[in-house]
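A.B. asks: Next up, coords-v8.cif (mmCIF, C-alpha atoms (C1' of nucleotides)).
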data_upload
loop_
_atom_site.label_atom_id
_atom_site.label_comp_id
_atom_site.auth_asym_id
_atom_site.auth_seq_id
_atom_site.Cartn_x
_atom_site.Cartn_y
_atom_site.Cartn_z
CA MET K 1 -6.70 15.46 15.87
CA PHE K 2 -3.82 15.91 18.32
CA ASP K 3 -6.19 14.65 21.02
CA LEU K 4 -6.43 11.31 19.27
CA LEU K 5 -2.67 11.13 18.81
CA TYR K 6 -2.11 11.91 22.51
CA LYS K 7 -4.66 9.29 23.48
CA LYS K 8 -3.03 6.65 21.27
CA ILE K 9 0.46 7.40 22.60
CA THR K 10 -0.55 7.35 26.26
CA GLU K 11 -2.26 4.00 25.78
CA LYS K 12 1.24 2.62 25.46
CA ILE K 13 3.70 4.85 27.30
CA THR K 14 3.71 7.61 29.87
CA LEU K 15 3.92 11.05 28.34
CA THR K 16 2.94 14.29 30.07
CA GLU K 17 0.90 16.93 28.31
CA ASP K 18 3.89 19.24 28.55
CA GLU K 19 6.05 16.65 26.83
CA PHE K 20 3.38 16.19 24.20
CA GLU K 21 3.37 19.93 23.55
CA LEU K 22 7.01 19.53 22.46
CA CYS K 23 5.87 17.09 19.81
CA LYS K 24 3.14 19.11 18.18
CA PRO K 25 5.27 21.63 16.24
CA LEU K 26 7.07 18.73 14.54
CA PHE K 27 3.92 17.64 12.75
CA SER K 28 2.30 19.14 9.70
CA GLN K 29 -1.41 18.73 9.04
CA ARG K 30 -2.96 17.77 5.75
CA LYS K 31 -6.43 17.18 4.41
CA LEU K 32 -7.03 14.66 1.64
CA ARG K 33 -10.07 14.28 -0.58
CA LYS K 34 -11.39 10.81 -1.30
CA ARG K 35 -9.22 9.19 -4.00
CA GLN K 36 -6.37 11.62 -3.51
CA PHE K 37 -2.85 10.16 -3.19
CA ILE K 38 -0.45 11.02 -0.39
CA LEU K 39 2.27 8.73 -1.79
CA GLN K 40 2.87 7.22 -5.21
CA GLU K 41 5.06 4.34 -6.17
CA GLY K 42 8.47 5.56 -7.26
CA ASP K 43 8.42 8.64 -5.01
CA VAL K 44 10.12 8.71 -1.65
CA SER K 45 7.93 8.28 1.42
CA ARG K 46 8.98 11.51 3.15
CA TYR K 47 6.45 11.33 5.96
CA ASN K 48 5.30 9.00 8.63
CA ILE K 49 1.56 9.54 8.58
CA PHE K 50 -0.98 9.43 11.43
CA VAL K 51 -4.66 9.20 10.43
CA GLY K 52 -6.70 11.59 12.53
CA LYS K 53 -9.89 11.19 10.55
CA GLY K 54 -10.81 9.13 7.52
CA LEU K 55 -9.34 6.02 5.94
CA LEU K 56 -6.30 5.30 3.75
CA ARG K 57 -5.11 2.25 1.89
CA SER K 58 -1.54 1.26 1.07
CA TYR K 59 -1.15 -0.93 -2.01
CA THR K 60 1.11 -2.15 -4.82
CA ILE K 61 0.32 -2.71 -8.47
CA ASP K 62 1.68 -5.89 -10.05
CA GLU K 63 3.01 -6.33 -13.57
CA LYS K 64 -0.46 -7.21 -14.85
CA GLY K 65 -2.02 -4.11 -13.33
CA GLY K 66 -3.60 -5.96 -10.38
CA GLU K 67 -3.78 -4.17 -7.05
CA HIS K 68 -2.65 -5.78 -3.80
CA ILE K 69 -3.48 -4.05 -0.55
CA LEU K 70 -1.01 -4.21 2.30
CA GLN K 71 -2.94 -2.11 4.79
CA PHE K 72 -6.08 -0.16 5.52
CA ALA K 73 -5.20 2.67 7.91
CA PHE K 74 -8.25 3.67 9.98
CA GLU K 75 -8.41 6.56 12.46
CA GLY K 76 -5.60 6.31 14.99
CA TRP K 77 -3.37 4.26 12.71
CA TRP K 78 0.09 5.09 11.32
CA THR K 79 1.11 4.40 7.76
CA ALA K 80 4.12 4.89 5.43
CA ASP K 81 6.34 2.83 3.19
CA LEU K 82 8.74 2.21 6.05
CA TYR K 83 11.64 1.08 3.93
CA SER K 84 11.40 4.18 1.77
CA PHE K 85 10.91 6.44 4.82
CA PHE K 86 14.14 5.18 6.39
CA THR K 87 16.31 4.79 3.30
CA ASP K 88 15.07 7.50 0.90
CA GLU K 89 14.72 4.77 -1.71
CA PRO K 90 11.72 4.97 -4.07
CA SER K 91 8.51 3.64 -2.60
CA LEU K 92 7.00 0.33 -3.65
CA PHE K 93 3.57 1.42 -2.44
CA ASN K 94 0.82 3.87 -3.28
CA ILE K 95 -1.14 5.40 -0.41
CA GLU K 96 -4.59 6.69 -1.31
CA ALA K 97 -7.57 8.08 0.63
CA LEU K 98 -10.72 5.95 0.60
CA GLU K 99 -12.60 8.78 2.31
CA ASP K 100 -12.01 12.45 2.93
CA SER K 101 -9.22 12.34 5.51
CA GLU K 102 -7.24 14.48 7.93
CA LEU K 103 -3.64 13.55 8.60
CA LEU K 104 -0.76 14.43 10.87
CA MET K 105 2.56 14.00 9.11
CA ILE K 106 6.11 13.98 10.36
CA THR K 107 9.34 13.96 8.30
CA ARG K 108 12.19 11.68 9.19
CA PRO K 109 14.48 14.45 10.45
CA SER K 110 11.68 15.75 12.70
CA TRP K 111 10.94 12.23 13.83
CA GLU K 112 14.58 11.64 14.73
CA SER K 113 14.75 14.95 16.56
CA LEU K 114 11.63 13.86 18.45
CA LEU K 115 13.32 10.63 19.53
CA ASN K 116 16.30 12.62 20.78
CA LYS K 117 14.13 15.09 22.67
CA LEU K 118 11.86 12.46 24.18
CA PRO K 119 13.44 9.00 24.44
CA ALA K 120 10.10 7.58 25.64
CA ILE K 121 8.87 8.10 22.09
CA GLU K 122 11.47 5.61 20.88
CA ARG K 123 9.78 3.10 23.14
CA TYR K 124 6.35 4.05 21.77
CA PHE K 125 7.46 3.43 18.20
CA ARG K 126 9.16 0.18 19.14
CA ILE K 127 5.91 -1.08 20.71
CA LEU K 128 3.94 0.14 17.70
CA ILE K 129 6.22 -1.56 15.21
CA GLN K 130 6.39 -4.68 17.34
CA ASN K 131 2.60 -4.97 17.39
CA SER K 132 2.54 -4.37 13.68
CA LEU K 133 5.14 -7.11 13.15
CA ILE K 134 3.15 -9.58 15.23
CA ALA K 135 -0.03 -8.77 13.28
CA THR K 136 1.78 -9.00 9.94
CA GLN K 137 3.32 -12.34 10.84
CA ARG K 138 -0.09 -13.64 11.87
CA ARG K 139 -1.55 -12.46 8.60
CA LEU K 140 1.29 -14.00 6.62
CA ILE K 141 1.01 -17.38 8.30
CA GLY K 142 -2.78 -17.13 7.82
CA SER K 143 -2.33 -16.51 4.10
CA LEU K 144 -0.24 -19.70 3.93
CA SER K 145 -2.58 -21.89 5.93
CA GLU K 146 -6.14 -20.63 5.86
CA THR K 147 -8.91 -20.97 3.31
CA ALA K 148 -10.15 -17.78 1.72
CA GLU K 149 -13.31 -18.12 3.76
CA GLN K 150 -11.44 -18.34 7.05
CA LYS K 151 -9.46 -15.27 6.04
CA TYR K 152 -12.60 -13.33 5.16
CA LEU K 153 -14.41 -14.21 8.39
CA LYS K 154 -11.37 -13.27 10.43
CA PHE K 155 -11.04 -9.96 8.59
CA VAL K 156 -14.70 -9.08 9.13
CA LYS K 157 -14.45 -9.98 12.80
CA ALA K 158 -11.31 -7.91 13.31
CA TYR K 159 -12.54 -4.87 11.37
CA PRO K 160 -16.37 -4.91 11.40
CA GLU K 161 -16.64 -1.31 10.26
CA SER K 162 -14.79 -2.15 7.06
CA ILE K 163 -17.97 -3.74 5.69
CA GLN K 164 -19.56 -0.32 5.40
CA ARG K 165 -16.44 1.68 4.65
CA VAL K 166 -14.38 -0.50 2.32
CA PRO K 167 -15.58 -1.69 -1.10
CA GLN K 168 -15.79 -5.49 -1.40
CA HIS K 169 -13.36 -5.61 -4.27
CA MET K 170 -10.75 -3.97 -2.06
CA ILE K 171 -11.37 -6.47 0.71
CA ALA K 172 -10.78 -9.14 -1.93
CA SER K 173 -7.44 -7.64 -2.90
CA TYR K 174 -6.44 -7.36 0.75
CA LEU K 175 -7.22 -11.07 1.17
CA GLY K 176 -5.38 -12.10 -2.00
CA ILE K 177 -8.43 -13.32 -3.94
CA THR K 178 -10.38 -11.92 -6.88
CA ARG K 179 -13.59 -9.99 -6.36
CA GLU K 180 -15.50 -12.78 -8.12
CA THR K 181 -14.20 -15.35 -5.67
CA LEU K 182 -15.14 -13.11 -2.75
CA SER K 183 -18.63 -12.65 -4.16
CA ARG K 184 -19.00 -16.43 -4.45
CA LEU K 185 -17.80 -17.14 -0.97
CA ARG K 186 -20.07 -14.47 0.51
CA ARG K 187 -22.95 -16.14 -1.32
CA ASP K 188 -21.97 -19.51 0.12
CA ILE K 189 -21.76 -18.06 3.61
CA ALA K 190 -25.13 -16.38 3.24
CA SER K 191 -26.78 -19.57 1.98
CA GLY K 192 -25.27 -21.76 4.69
CA LYS K 193 -23.11 -23.71 2.24
CA SER K 194 -19.89 -22.72 3.93
CA PHE K 195 -17.39 -25.00 5.62
CA PRO K 196 -14.95 -22.77 7.49
CA MET B 1 29.04 -16.90 20.19
CA PHE B 2 29.04 -13.59 22.08
CA ASP B 3 31.44 -12.30 19.42
CA LEU B 4 28.79 -12.77 16.78
CA LEU B 5 26.16 -11.08 18.95
CA TYR B 6 28.46 -8.11 19.57
CA LYS B 7 29.22 -7.87 15.88
CA LYS B 8 25.53 -7.93 14.98
CA ILE B 9 24.64 -5.29 17.55
CA THR B 10 27.45 -2.91 16.59
CA GLU B 11 26.41 -3.12 12.94
CA LYS B 12 23.40 -1.09 14.00
CA ILE B 13 24.22 0.96 17.09
CA THR B 14 27.21 2.13 19.06
CA LEU B 15 27.97 -0.04 22.05
CA THR B 16 31.30 -0.23 23.87
CA GLU B 17 32.82 -3.52 24.89
CA ASP B 18 32.38 -2.46 28.52
CA GLU B 19 28.69 -1.89 27.90
CA PHE B 20 28.45 -5.23 26.15
CA GLU B 21 30.02 -6.92 29.16
CA LEU B 22 26.98 -5.75 31.13
CA CYS B 23 24.77 -7.69 28.72
CA LYS B 24 26.47 -11.04 28.83
CA PRO B 25 25.36 -12.25 32.27
CA LEU B 26 21.72 -11.73 31.22
CA PHE B 27 21.95 -14.47 28.60
CA SER B 28 21.86 -18.19 29.08
CA GLN B 29 23.46 -20.55 26.57
CA ARG B 30 21.90 -23.67 25.15
CA LYS B 31 22.86 -26.36 22.70
CA LEU B 32 20.21 -28.07 20.59
CA ARG B 33 20.51 -31.31 18.67
CA LYS B 34 19.03 -31.48 15.17
CA ARG B 35 15.26 -31.98 15.43
CA GLN B 36 15.09 -30.83 19.04
CA PHE B 37 12.41 -28.27 19.98
CA ILE B 38 13.14 -25.07 21.85
CA LEU B 39 9.46 -24.03 21.80
CA GLN B 40 6.25 -25.96 21.27
CA GLU B 41 2.85 -24.66 20.39
CA GLY B 42 0.78 -24.09 23.51
CA ASP B 43 3.77 -23.31 25.72
CA VAL B 44 4.84 -19.78 26.53
CA SER B 45 7.80 -18.36 24.60
CA ARG B 46 9.88 -17.46 27.64
CA TYR B 47 13.02 -16.52 25.73
CA ASN B 48 14.10 -14.28 22.95
CA ILE B 49 16.60 -16.47 21.12
CA PHE B 50 19.79 -15.52 19.25
CA VAL B 51 21.26 -18.16 16.93
CA GLY B 52 25.02 -18.35 17.42
CA LYS B 53 25.51 -21.45 15.34
CA GLY B 54 23.15 -23.67 13.41
CA LEU B 55 19.68 -23.18 11.98
CA LEU B 56 16.15 -23.08 13.44
CA ARG B 57 12.71 -22.97 11.88
CA SER B 58 9.58 -21.42 13.34
CA TYR B 59 6.32 -22.96 12.12
CA THR B 60 2.62 -23.61 12.75
CA ILE B 61 0.59 -26.73 12.15
CA ASP B 62 -2.84 -26.27 10.57
CA GLU B 63 -6.01 -28.23 11.34
CA LYS B 64 -5.17 -30.77 8.64
CA GLY B 65 -1.69 -31.36 10.03
CA GLY B 66 0.06 -29.29 7.36
CA GLU B 67 3.15 -27.32 8.38
CA HIS B 68 3.59 -23.64 7.51
CA ILE B 69 6.96 -22.06 8.09
CA LEU B 70 7.14 -18.45 9.21
CA GLN B 71 10.89 -18.16 9.52
CA PHE B 72 14.25 -19.85 9.09
CA ALA B 73 16.66 -18.40 11.65
CA PHE B 74 20.24 -18.69 10.43
CA GLU B 75 23.34 -17.73 12.41
CA GLY B 76 23.08 -14.16 13.68
CA TRP B 77 19.28 -14.14 13.62
CA TRP B 78 16.82 -13.67 16.48
CA THR B 79 13.67 -15.74 16.86
CA ALA B 80 10.73 -16.16 19.27
CA ASP B 81 6.96 -16.11 19.17
CA LEU B 82 6.94 -12.39 19.87
CA TYR B 83 3.30 -12.18 20.91
CA SER B 84 3.78 -14.99 23.42
CA PHE B 85 7.10 -13.54 24.64
CA PHE B 86 5.46 -10.21 25.46
CA THR B 87 2.07 -11.39 26.74
CA ASP B 88 2.79 -14.79 28.36
CA GLU B 89 -0.02 -16.18 26.19
CA PRO B 90 0.46 -19.69 24.74
CA SER B 91 2.57 -19.78 21.61
CA LEU B 92 1.10 -20.38 18.17
CA PHE B 93 4.47 -21.57 16.86
CA ASN B 94 6.88 -24.44 17.20
CA ILE B 95 10.59 -23.67 16.99
CA GLU B 96 12.79 -26.60 16.01
CA ALA B 97 16.47 -27.09 15.14
CA LEU B 98 17.22 -28.10 11.56
CA GLU B 99 20.87 -28.62 12.51
CA ASP B 100 22.79 -28.97 15.74
CA SER B 101 22.65 -25.43 17.09
CA GLU B 102 24.05 -23.17 19.78
CA LEU B 103 21.83 -20.44 21.15
CA LEU B 104 21.93 -17.40 23.39
CA MET B 105 18.67 -16.92 25.20
CA ILE B 106 17.28 -14.05 27.24
CA THR B 107 14.10 -13.98 29.36
CA ARG B 108 11.72 -11.07 29.17
CA PRO B 109 12.57 -9.71 32.64
CA SER B 110 16.29 -9.81 31.78
CA TRP B 111 15.59 -8.21 28.46
CA GLU B 112 13.61 -5.40 30.11
CA SER B 113 16.36 -4.89 32.67
CA LEU B 114 18.81 -4.70 29.77
CA LEU B 115 16.76 -1.96 28.13
CA ASN B 116 16.75 -0.02 31.38
CA LYS B 117 20.48 -0.42 31.88
CA LEU B 118 21.41 0.40 28.30
CA PRO B 119 18.80 2.51 26.49
CA ALA B 120 20.80 2.16 23.26
CA ILE B 121 19.65 -1.46 23.22
CA GLU B 122 16.06 -0.27 22.93
CA ARG B 123 17.14 1.41 19.73
CA TYR B 124 18.86 -1.76 18.52
CA PHE B 125 15.69 -3.80 19.00
CA ARG B 126 13.55 -1.15 17.35
CA ILE B 127 15.79 -1.22 14.29
CA LEU B 128 15.79 -5.01 14.31
CA ILE B 129 12.01 -5.25 14.56
CA GLN B 130 11.57 -2.49 12.01
CA ASN B 131 13.70 -4.35 9.48
CA SER B 132 11.82 -7.52 10.26
CA LEU B 133 8.50 -5.71 9.70
CA ILE B 134 9.66 -4.34 6.37
CA ALA B 135 10.80 -7.80 5.26
CA THR B 136 7.57 -9.42 6.46
CA GLN B 137 5.45 -6.83 4.66
CA ARG B 138 7.43 -7.41 1.48
CA ARG B 139 6.95 -11.14 1.82
CA LEU B 140 3.24 -10.74 2.48
CA ILE B 141 2.64 -8.49 -0.51
CA GLY B 142 4.77 -10.93 -2.56
CA SER B 143 2.59 -13.83 -1.47
CA LEU B 144 -0.46 -11.88 -2.73
CA SER B 145 0.99 -10.84 -6.03
CA GLU B 146 3.77 -13.15 -7.20
CA THR B 147 3.69 -16.53 -8.91
CA ALA B 148 5.14 -19.45 -7.00
CA GLU B 149 8.08 -19.39 -9.36
CA GLN B 150 8.83 -15.75 -8.69
CA LYS B 151 8.66 -16.45 -4.97
CA TYR B 152 11.03 -19.41 -5.27
CA LEU B 153 13.61 -17.55 -7.34
CA LYS B 154 13.51 -14.62 -4.94
CA PHE B 155 13.95 -16.94 -1.97
CA VAL B 156 16.92 -18.72 -3.53
CA LYS B 157 18.52 -15.41 -4.43
CA ALA B 158 18.06 -14.00 -0.92
CA TYR B 159 19.19 -17.15 0.92
CA PRO B 160 21.48 -19.13 -1.43
CA GLU B 161 22.83 -21.31 1.38
CA SER B 162 19.34 -22.59 2.09
CA ILE B 163 19.58 -24.85 -0.96
CA GLN B 164 22.17 -26.97 0.82
CA ARG B 165 20.89 -26.56 4.35
CA VAL B 166 17.09 -26.64 4.08
CA PRO B 167 15.10 -29.59 2.69
CA GLN B 168 13.06 -28.76 -0.42
CA HIS B 169 9.80 -29.71 1.23
CA MET B 170 10.44 -27.10 3.89
CA ILE B 171 11.19 -24.45 1.29
CA ALA B 172 7.82 -25.42 -0.21
CA SER B 173 6.03 -24.88 3.08
CA TYR B 174 7.81 -21.54 3.58
CA LEU B 175 6.56 -20.46 0.13
CA GLY B 176 3.01 -21.67 0.70
CA ILE B 177 3.01 -24.43 -1.93
CA THR B 178 3.12 -28.22 -1.75
CA ARG B 179 6.33 -30.16 -2.18
CA GLU B 180 4.93 -31.64 -5.39
CA THR B 181 4.32 -28.20 -6.85
CA LEU B 182 7.84 -27.10 -5.91
CA SER B 183 9.32 -30.17 -7.52
CA ARG B 184 7.39 -29.46 -10.70
CA LEU B 185 8.41 -25.86 -10.89
CA ARG B 186 12.05 -26.71 -10.26
CA ARG B 187 11.80 -29.16 -13.15
CA ASP B 188 10.32 -26.45 -15.37
CA ILE B 189 13.07 -24.01 -14.40
CA ALA B 190 15.76 -26.62 -15.05
CA SER B 191 14.33 -27.48 -18.46
CA GLY B 192 13.93 -23.84 -19.54
CA LYS B 193 10.13 -24.06 -19.60
CA SER B 194 9.72 -21.36 -17.01
CA PHE B 195 8.07 -17.99 -17.45
CA PRO B 196 8.93 -15.91 -14.38
"C1'" DA Z 1 27.37 -53.02 4.94
"C1'" DC Z 2 22.65 -53.14 5.51
"C1'" DG Z 3 18.10 -51.82 6.71
"C1'" DT Z 4 15.24 -48.07 7.64
"C1'" DT Z 5 13.78 -43.54 7.21
"C1'" DA Z 6 13.71 -39.22 4.95
"C1'" DA Z 7 13.63 -36.64 0.90
"C1'" DA Z 8 12.80 -35.72 -3.94
"C1'" DT Z 9 10.60 -36.61 -8.19
"C1'" DG Z 10 6.85 -37.09 -11.04
"C1'" DG Z 11 2.23 -39.17 -12.92
"C1'" DT Z 12 -3.00 -38.83 -12.63
"C1'" DC Z 13 -7.23 -36.67 -11.56
"C1'" DA Z 14 -10.48 -33.43 -9.74
"C1'" DA Z 15 -11.61 -29.12 -7.62
"C1'" DT Z 16 -11.00 -24.47 -6.84
"C1'" DT Z 17 -10.17 -20.15 -8.54
"C1'" DG Z 18 -8.87 -16.66 -11.97
"C1'" DA Z 19 -10.21 -14.52 -16.15
"C1'" DC Z 20 -13.61 -13.01 -18.95
"C1'" DC Z 21 -17.95 -11.46 -19.41
"C1'" DC Z 22 -22.67 -9.51 -18.62
"C1'" DC Z 23 -26.25 -7.31 -15.85
"C1'" DA Z 24 -28.45 -4.40 -12.37
"C1'" DG Z 25 -28.38 -0.89 -8.98
"C1'" DC Z 26 -26.40 3.13 -6.90
"C1'" DC Z 27 -23.87 7.41 -6.77
"C1'" DA Z 28 -21.77 11.67 -8.31
"C1'" DC Z 29 -21.47 15.15 -11.54
"C1'" DT Z 30 -23.09 18.21 -15.12
"C1'" DA J 1 -32.93 14.54 -15.40
"C1'" DG J 2 -29.46 12.21 -17.81
"C1'" DT J 3 -25.08 10.06 -18.14
"C1'" DG J 4 -21.00 7.81 -16.89
"C1'" DG J 5 -18.52 5.47 -13.49
"C1'" DC J 6 -18.42 2.49 -9.59
"C1'" DT J 7 -19.85 -1.53 -7.11
"C1'" DG J 8 -21.60 -6.10 -6.39
"C1'" DG J 9 -23.37 -10.37 -8.06
"C1'" DG J 10 -22.97 -14.29 -10.74
"C1'" DG J 11 -22.41 -17.50 -15.08
"C1'" DT J 12 -18.93 -20.10 -18.06
"C1'" DC J 13 -14.65 -22.14 -19.05
"C1'" DA J 14 -9.89 -23.46 -18.60
"C1'" DA J 15 -5.68 -23.83 -16.05
"C1'" DT J 16 -3.13 -24.45 -12.06
"C1'" DT J 17 -2.40 -26.77 -8.02
"C1'" DG J 18 -3.46 -29.92 -4.23
"C1'" DA J 19 -4.10 -34.58 -3.04
"C1'" DC J 20 -3.02 -39.08 -3.72
"C1'" DC J 21 0.09 -42.27 -5.07
"C1'" DA J 22 4.32 -44.79 -6.52
"C1'" DT J 23 9.19 -44.92 -7.39
"C1'" DT J 24 13.85 -43.58 -6.83
"C1'" DT J 25 17.56 -41.58 -4.38
"C1'" DA J 26 19.98 -40.03 -0.38
"C1'" DA J 27 20.90 -39.94 4.42
"C1'" DC J 28 21.16 -41.95 8.85
"C1'" DG J 29 21.86 -45.27 12.52
"C1'" DT J 30 23.32 -49.69 14.06
#
Mind converting the file's structure to structure tokens?

C.D. replies:
Amino acid sequence: MFDLLYKKITEKITLTEDEFELCKPLFSQRKLRKRQFILQEGDVSRYNIFVGKGLLRSYTIDEKGGEHILQFAFEGWWTADLYSFFTDEPSLFNIEALEDSELLMITRPSWESLLNKLPAIERYFRILIQNSLIATQRRLIGSLSETAEQKYLKFVKAYPESIQRVPQHMIASYLGITRETLSRLRRDIASGKSFP
Amino acid sequence: MFDLLYKKITEKITLTEDEFELCKPLFSQRKLRKRQFILQEGDVSRYNIFVGKGLLRSYTIDEKGGEHILQFAFEGWWTADLYSFFTDEPSLFNIEALEDSELLMITRPSWESLLNKLPAIERYFRILIQNSLIATQRRLIGSLSETAEQKYLKFVKAYPESIQRVPQHMIASYLGITRETLSRLRRDIASGKSFP
DNA sequence: ACGTTAAATGGTCAATTGACCCCAGCCACT
DNA sequence: AGTGGCTGGGGTCAATTGACCATTTAACGT
């Protein structure tokens, strides 16, 4: 699992293996069973979480009980309720395993000590967050301007493995449509009646 | 204008006035008339832009000619097409002045040299981008889960001055609804027929 | 002051989508 | 093997909203 983390970090910054060895003791490891929660709404998000194996989703529940998915975190991805992680305010999000998963987790004090020890890591997280901001902005502007079908096709193209690994009704709630609407638009696509 | 920039930076990090003096020569200044563009879709976003005075909007145009606003940048705010700024790829966004505006602008090479000269600035931008990511995530999950009315009331509460400074039809396109729908829901709110 | 443009309001109509519901197949657990 | 839960598909119906349109009001430029 640390191999994947090292690989992901060195895709973006220069970090020696010796420097990386300094990082390792700051992480705890955790295994999650499918459907197990690592964070629940109302609790504080005490960890920044790296997915070594498996798949997590981060979602809110609205006043009518509907679920709205902010993120699927595949292998190599980070996830947390960032606001809660940095402010110790109660989390808005639940984070749940969609598959048996293995995680690396770092608390905020450890994370800050890491940034002090290795300033290059500050740069790594800035790049990470920056890329996440760009992607989130793109998704937001897409949700304002695209048809549900365009959104679905884009999602499937960006994350082809999600078709096998993520239930359709969760894809629907990531896209902001009901599962019935997604079923209908998949039928239209399959029958050639689509106009994307 | 540099006073406002210094104030904004020192809200987040420690920076001496001597250190700030090192920053100033890296910025160019620009005045914009109302309706003037500082970036057009298809061009490269060569500057990261700080709004000293005035108001900008960042928006895309969809295939039917509809406008979708990603951001209003009030005084003290930064704006750019971040993806384009960092990759030199053509911008997806237009950035236009809603009022006569005064801007501080920094190119990417200057910005990188600034980060090398003053590593604390890397931290400032990470915090800035992090807060922007948190806000964008909140807005995205809101656009999936909230009624248009909830979105409008939240917007007005967060940015009360926008009522005087931003046309209603632009607020509509920031919220992802038509100007007709916004007009109707404002009527319902004013007449007490609303159910937020 | 006047003419033009921009902005806001609001009516009508149709289409899309959510909500509700049912069914069939698959999977996990006992 | 049996049962319950999960997942996906799809029908029906009603409501919300977009699109189109017209009118009024406000702002801007000469």

A.B. asks: I'd like to see the residues matched by the PyMOL selection byres ((chain B) within 8 of (chain Z)) on this file, and ideally I'd get them as a list in words.

C.D. replies: Pro167, Gln168, His169, Ser183 and Arg184 of chain B

A.B. asks: Given the PyMOL selection byres ((chain B and resi 137) around 10) and the file above, list the residues it selects as a count of residues only.

C.D. replies: 22

A.B. asks: Which residues fall under the PyMOL selection byres ((chain J) within 8 of (chain K)) in this file, as a list in words?

C.D. replies: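 Applying the PyMOL selection byres ((chain J) within 8 of (chain K)) to the structure shown produces DT7, DG8, DG9 and DG10 of chain J.
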
A.B. asks: Just write the chosen residues, C-alpha atoms (C1' of nucleotides), as a CSV table (one decimal), in the coordinates of the input.

C.D. replies:
chain,number,residue,atom,x,y,z
J,7,DT,C1',-19.8,-1.5,-7.1
J,8,DG,C1',-21.6,-6.1,-6.4
J,9,DG,C1',-23.4,-10.4,-8.1
J,10,DG,C1',-23.0,-14.3,-10.7

A.B. asks: Got a sec: who's within 9 Å of Ser58 in chain K, counting only C-alpha atoms (C1' of nucleotides), leaving out chain neighbours fewer than 2 positions off, as number ranges by chain?

C.D. replies: K: 39, 56, 60, 68-73, 79-81, 93-96

A.B. asks: Excluding Asp88 in chain K and residues on its chain fewer than 5 positions from it, collect all residues at most 12 Å away from it, counting all atoms listed in the file, and give them as a PyMOL selection string.

C.D. replies: chain K and resi 42-47+81-83+107-109

A.B. asks: Considering all atoms listed in the file, return as a list of chain:residue names whatever protein or nucleic-acid residues lie within 9 Å of range 151-158 of chain B, sequence-local ones (same chain, fewer than 6 positions apart) excluded.

C.D. replies: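 Surrounding residues, per the criterion: B:Arg139, B:Gly142, B:Ser143, B:Ile171, B:Ala172, B:Leu175, B:Leu182, B:Leu185, B:Arg186, B:Pro196.
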
A.B. asks: Considering all atoms listed in the file, return as a count of residues only whatever protein or nucleic-acid residues lie within 12 Å of Ser113 in chain B, sequence-local ones (same chain, fewer than 2 positions apart) excluded.

C.D. replies: 18

A.B. asks: Taking all atoms listed in the file into account, name the residue in K:Asp188, K:Gly76, K:Ala97, K:Lys64 that is nearest to chain B.

C.D. replies: K:Lys64

A.B. asks: Mind pulling up the distance from CA of Ile129 in chain B to CA of Leu103 in chain K?

C.D. replies: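 CA of Ile129 in chain B lies 25.2 Å from CA of Leu103 in chain K.
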
A.B. asks: Would you mind reading off the distance between CA of Gly52 in chain B and CA of Leu5 in chain B, one decimal, in Å?

C.D. replies: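 If I compute the distance from CA of Gly52 in chain B to CA of Leu5 in chain B, I get 7.5 Å.
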
A.B. asks: Hey, could you pull the box centre and edge lengths for range 157-160 of chain K, axis-aligned, 6 Å padding per side, all listed atoms, to one decimal in Å, as AutoDock Vina command-line options?

C.D. replies:
--center_x -13.8 --center_y -7.4 --center_z 12.3 --size_x 17.1 --size_y 17.1 --size_z 13.9

A.B. asks: Enter the distance from CA of Thr10 in chain B to CA of Tyr124 in chain B, in Å, rounded to one decimal.

C.D. replies: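 According to the coordinates, CA of Thr10 in chain B and CA of Tyr124 in chain B are separated by 8.9 Å.
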
A.B. asks: Considering all atoms listed in the file, can you say which of B:Glu75, B:Glu17, B:Glu89, B:Glu67 comes closest to chain K?

C.D. replies: B:Glu67

A.B. asks: Determine the nearest neighbour of chain K from the options B:Glu149, B:Glu63, B:Glu19, B:Glu161, counting all atoms listed in the file.

C.D. replies: B:Glu63
